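A short worksheet on the structure shown next.
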Amino acid sequence: MSEMLQIALPKGRLGEKIYKMFAEAGFDCPEILEDTRKLIFENKEAGVCFFWVKPSDVAIYVERGAADIGVVGKDILLEYKPEVFELLDLNVGKCYMAVAGKEGFRDNTENTLRVATKFTNIATDYYRKRGRDIDIIKLNGSIELAPLLNLSDVIVDIVETGTTLRENNLKPLERIIPISARLISNRASYQFKNEAIGKVVKGLRECVEARK
Ligand code: PRP
């Protein structure tokens, strides 16, 4: 096991924001913000090693111990239920999971509701709790197209600013759950690197509080 704390960050705009929170918390690595295609960055003195991974892959790295800790959207935790510890709500990347459909859509409960989504487990749980029969249509992107082309009646997807829905003449119909970025830990690392992880949690918590 590496001495350094291995940290998986989600590649992209949100990841850069999150890196800045780590830097503020005392775990910086300035090289990370340079325009480079490098994926791994170390700060030996601070004892941290960051790497960029696809946002939806962060939980896989952490669950399998390739990363000790990482940052992932609550949507991924709810959808895939990885065996990790959720340590802290970072209060960034805020959005919500919603049911959306065409303006004026009315659910006719005599028919099975056709639901297009990337988040099949979240959608299935949501409708099961309501006793509503659905037909899940798993898509991988551009979910908003589905009701427009009558592939589905509604979609279950993430809404942040609402722009994508608006520009496609869709409306949020029901809010399912709020989403934000969460700090997660590998279960064994949490035990064996408890002190180092504790310092990161403390630093990030202060940073979250200071931004409120
Ligand atoms: C998400 C989501 C919506 C969009 C919502 O897609 O699937 O399409 O963001 O954001 P808005 O409310 O601010 O318009 P994302 O950009 O993450 O890409 P994806 O299609 O790969 O999921």
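Following the order of the structure tokens, first chain is A, next is B, and so on, with residues numbered from 1 inside each chain and ligands from 1 in the order they appear.
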DSSP strand (DSSP E or B) selection over stretch 9-77 of chain A, as an MDAnalysis selection string: chainID A and resid 9:10 40:43 48:53 69:73
Include N, CA and C atoms and write out the residues we just selected as a compact mmCIF listing (two decimals), in the first residue's frame.
# COMPACT_ATOMS: atom_id res chain seq x y z
N LEU A 9 -9.91 12.39 -8.49
CA LEU A 9 -10.75 13.57 -8.73
C LEU A 9 -11.50 13.41 -10.04
N PRO A 10 -12.74 13.91 -10.10
CA PRO A 10 -13.49 13.82 -11.36
C PRO A 10 -12.97 14.84 -12.37
N ILE A 40 -1.54 12.10 -13.45
CA ILE A 40 -1.17 11.86 -12.04
C ILE A 40 -0.26 12.98 -11.54
N PHE A 41 -0.56 13.50 -10.36
CA PHE A 41 0.20 14.62 -9.79
C PHE A 41 0.46 14.36 -8.31
N GLU A 42 1.73 14.55 -7.92
CA GLU A 42 2.09 14.26 -6.53
C GLU A 42 2.55 15.49 -5.78
N ASN A 43 2.26 15.55 -4.49
CA ASN A 43 2.91 16.51 -3.61
C ASN A 43 3.43 15.69 -2.43
N VAL A 48 0.20 13.62 -0.67
CA VAL A 48 -0.97 13.31 -1.50
C VAL A 48 -0.59 13.09 -2.96
N CYS A 49 -1.36 12.25 -3.60
CA CYS A 49 -1.19 11.99 -5.02
C CYS A 49 -2.59 12.07 -5.64
N PHE A 50 -2.76 13.03 -6.56
CA PHE A 50 -4.08 13.20 -7.19
C PHE A 50 -4.06 12.55 -8.56
N PHE A 51 -5.17 12.02 -8.98
CA PHE A 51 -5.29 11.66 -10.39
C PHE A 51 -6.70 11.94 -10.89
N TRP A 52 -6.75 12.29 -12.19
CA TRP A 52 -8.02 12.63 -12.83
C TRP A 52 -8.64 11.37 -13.41
N VAL A 53 -9.89 11.13 -13.08
CA VAL A 53 -10.59 10.02 -13.74
C VAL A 53 -11.96 10.49 -14.22
N ILE A 69 -9.30 7.78 -1.43
CA ILE A 69 -10.48 8.64 -1.35
C ILE A 69 -10.77 9.22 -2.73
N GLY A 70 -11.94 9.83 -2.87
CA GLY A 70 -12.29 10.44 -4.15
C GLY A 70 -13.53 11.30 -3.97
N VAL A 71 -13.88 11.97 -5.05
CA VAL A 71 -15.06 12.83 -5.00
C VAL A 71 -16.00 12.42 -6.13
N VAL A 72 -17.25 12.24 -5.76
CA VAL A 72 -18.22 11.67 -6.70
C VAL A 72 -19.59 12.29 -6.45
N GLY A 73 -20.40 12.37 -7.47
CA GLY A 73 -21.76 12.91 -7.33
C GLY A 73 -22.63 11.93 -6.56
Surroundings of ligand 1 up to 6 Å, based on only C-alpha atoms and all ligand atoms, as a ChimeraX atom specification: /A:141-142,157-164
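With atom CA of A:Asn111 on one side and atom CA of A:Arg132 on the other, the separation reads 9.9 Å.
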Which of these residues is nearest to A:Leu183, using only C-alpha atoms: A:Ile136, A:Leu148, A:Leu87, A:Ile143? A:Leu87
Can you pull out every residue within 12 Å of A:Gly101, counting only C-alpha atoms, but drop anything in the same chain fewer than 2 positions away, and send it as a ChimeraX atom specification? /A:98-99,103-107,113-116,143-157,165-166,168-174
Could you write out the selected residues, including N, CA and C atoms, as a compact mmCIF listing (two decimals), in the first residue's frame?
# COMPACT_ATOMS: atom_id res chain seq x y z
N ALA A 98 -34.59 14.64 -11.45
CA ALA A 98 -35.99 15.00 -11.67
C ALA A 98 -36.65 14.09 -12.70
N VAL A 99 -37.97 14.05 -12.61
CA VAL A 99 -38.77 13.51 -13.71
C VAL A 99 -39.10 14.72 -14.57
N GLU A 103 -44.33 19.79 -21.87
CA GLU A 103 -45.24 20.71 -21.22
C GLU A 103 -46.66 20.14 -21.29
N GLY A 104 -47.36 20.18 -20.18
CA GLY A 104 -48.76 19.72 -20.17
C GLY A 104 -48.89 18.21 -20.08
N PHE A 105 -47.78 17.48 -19.89
CA PHE A 105 -47.87 16.02 -19.81
C PHE A 105 -48.72 15.59 -18.61
N ARG A 106 -49.65 14.70 -18.84
CA ARG A 106 -50.44 14.12 -17.74
C ARG A 106 -50.24 12.62 -17.77
N ASP A 107 -49.93 12.06 -16.62
CA ASP A 107 -49.68 10.61 -16.55
C ASP A 107 -51.02 9.87 -16.59
N LEU A 113 -45.95 3.49 -17.86
CA LEU A 113 -45.24 4.73 -18.15
C LEU A 113 -43.86 4.40 -18.73
N ARG A 114 -43.57 4.99 -19.88
CA ARG A 114 -42.26 4.74 -20.50
C ARG A 114 -41.26 5.81 -20.00
N VAL A 115 -40.20 5.34 -19.34
CA VAL A 115 -39.25 6.25 -18.69
C VAL A 115 -37.86 6.06 -19.29
N ALA A 116 -37.32 7.10 -19.92
CA ALA A 116 -35.96 7.01 -20.47
C ALA A 116 -34.98 7.62 -19.47
N ILE A 143 -30.60 12.39 -23.16
CA ILE A 143 -31.85 11.78 -22.66
C ILE A 143 -33.06 12.62 -23.08
N GLU A 144 -32.83 13.94 -23.15
CA GLU A 144 -33.93 14.87 -23.45
C GLU A 144 -34.61 14.59 -24.79
N LEU A 145 -33.89 13.91 -25.67
CA LEU A 145 -34.49 13.61 -26.98
C LEU A 145 -35.67 12.64 -26.88
N ALA A 146 -35.62 11.76 -25.87
CA ALA A 146 -36.57 10.63 -25.84
C ALA A 146 -38.04 11.05 -25.89
N PRO A 147 -38.50 11.99 -25.04
CA PRO A 147 -39.92 12.36 -25.13
C PRO A 147 -40.23 13.13 -26.41
N LEU A 148 -39.22 13.84 -26.93
CA LEU A 148 -39.45 14.64 -28.14
C LEU A 148 -39.72 13.73 -29.34
N LEU A 149 -39.08 12.57 -29.36
CA LEU A 149 -39.24 11.64 -30.47
C LEU A 149 -40.22 10.52 -30.14
N ASN A 150 -40.94 10.70 -29.00
CA ASN A 150 -41.90 9.70 -28.54
C ASN A 150 -41.29 8.32 -28.29
N LEU A 151 -40.01 8.34 -27.91
CA LEU A 151 -39.38 7.10 -27.47
C LEU A 151 -39.84 6.79 -26.04
N SER A 152 -40.11 7.87 -25.27
CA SER A 152 -40.58 7.68 -23.90
C SER A 152 -41.64 8.73 -23.59
N ASP A 153 -42.33 8.53 -22.44
CA ASP A 153 -43.30 9.54 -21.98
C ASP A 153 -42.58 10.61 -21.18
N VAL A 154 -41.67 10.15 -20.31
CA VAL A 154 -40.91 11.07 -19.45
C VAL A 154 -39.46 10.63 -19.42
N ILE A 155 -38.63 11.49 -18.79
CA ILE A 155 -37.24 11.11 -18.54
C ILE A 155 -36.96 11.27 -17.04
N VAL A 156 -35.96 10.55 -16.56
CA VAL A 156 -35.43 10.81 -15.22
C VAL A 156 -33.99 11.21 -15.46
N ASP A 157 -33.65 12.45 -15.09
CA ASP A 157 -32.31 12.94 -15.39
C ASP A 157 -31.92 14.04 -14.41
N LEU A 165 -33.47 21.41 -20.39
CA LEU A 165 -34.91 21.13 -20.48
C LEU A 165 -35.61 22.24 -21.24
N ARG A 166 -35.34 23.48 -20.82
CA ARG A 166 -36.02 24.64 -21.42
C ARG A 166 -35.80 24.70 -22.93
N ASN A 168 -35.31 22.49 -24.91
CA ASN A 168 -35.95 21.39 -25.63
C ASN A 168 -37.44 21.30 -25.32
N ASN A 169 -37.98 22.41 -24.82
CA ASN A 169 -39.42 22.49 -24.51
C ASN A 169 -39.90 21.41 -23.56
N LEU A 170 -39.05 21.06 -22.59
CA LEU A 170 -39.46 20.10 -21.57
C LEU A 170 -39.56 20.83 -20.23
N LYS A 171 -40.31 20.21 -19.31
CA LYS A 171 -40.51 20.82 -17.98
C LYS A 171 -40.15 19.82 -16.90
N PRO A 172 -39.53 20.30 -15.81
CA PRO A 172 -39.39 19.39 -14.67
C PRO A 172 -40.78 19.13 -14.08
N LEU A 173 -41.13 17.87 -13.85
CA LEU A 173 -42.47 17.53 -13.37
C LEU A 173 -42.44 17.14 -11.89
N GLU A 174 -41.42 16.41 -11.48
CA GLU A 174 -41.30 15.98 -10.08
C GLU A 174 -39.83 16.02 -9.69
Could you give me, as a Markdown table, every stretch 27-132 of chain A residue with an atom at most 9 Å from stretch 16-20 of chain A, plus its closest atom pair and distance in Å to one decimal, counting only C-alpha atoms, rows ordered by chain then number?
| residue | atom | partner | partner_atom | distance |
| --- | --- | --- | --- | --- |
| A:Phe27 | CA | A:Tyr19 | CA | 8.8 |
| A:Asp28 | CA | A:Lys20 | CA | 7.8 |
| A:Cys29 | CA | A:Tyr19 | CA | 8.8 |
| A:Ile32 | CA | A:Tyr19 | CA | 8.5 |
| A:Leu33 | CA | A:Glu16 | CA | 7.6 |
| A:Phe50 | CA | A:Tyr19 | CA | 8.9 |
| A:Val71 | CA | A:Ile18 | CA | 8.0 |
| A:Leu90 | CA | A:Ile18 | CA | 8.4 |
| A:Val92 | CA | A:Ile18 | CA | 8.1 |
Counting only C-alpha atoms, the residue of A:Lys202, A:Lys212, A:Lys193, A:Arg37 that sits nearest A:Asp68: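 Comparing A:Lys202, A:Lys212, A:Lys193, A:Arg37 against A:Asp68, the winner is A:Lys193.
Atom CA of A:Gln6 is positioned 15.7 Å from atom CA of A:Lys38.
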Figure out the distance between atom CA of A:Glu209 and atom CA of A:Tyr190, please, to one decimal in Å.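 A separation of 22.8 Å between them.
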Taking 3 positions as the minimum chain separation for residues in the same chain, which residues sit within 7 Å of stretch 120-126 of chain A when counting only C-alpha atoms? Answer as a PyMOL selection string. chain A and resi 78-79+117+129-130+136+138+156
Give me a file of those residues, with C-alpha atoms, as a tab-separated table (two decimals), in the first residue's frame.
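So the final result, stored in out.tsv, reads:
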chain	number	residue	atom	x	y	z
A	78	LEU	CA	-27.49	6.26	-5.36
A	79	GLU	CA	-27.40	4.56	-8.73
A	117	THR	CA	-32.89	7.44	-18.27
A	129	LYS	CA	-42.20	3.18	-4.07
A	130	ARG	CA	-45.18	4.81	-5.78
A	136	ILE	CA	-37.43	1.55	-18.37
A	138	LYS	CA	-31.83	2.82	-20.72
A	156	VAL	CA	-35.43	10.81	-15.22
Which residue gives the smallest distance to A:Ala188 among A:Ile137, A:Ala66, A:Leu204, A:Leu14, with only C-alpha atoms counted?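 Ranking A:Ile137, A:Ala66, A:Leu204, A:Leu14 by distance to A:Ala188, first place goes to A:Ala66.
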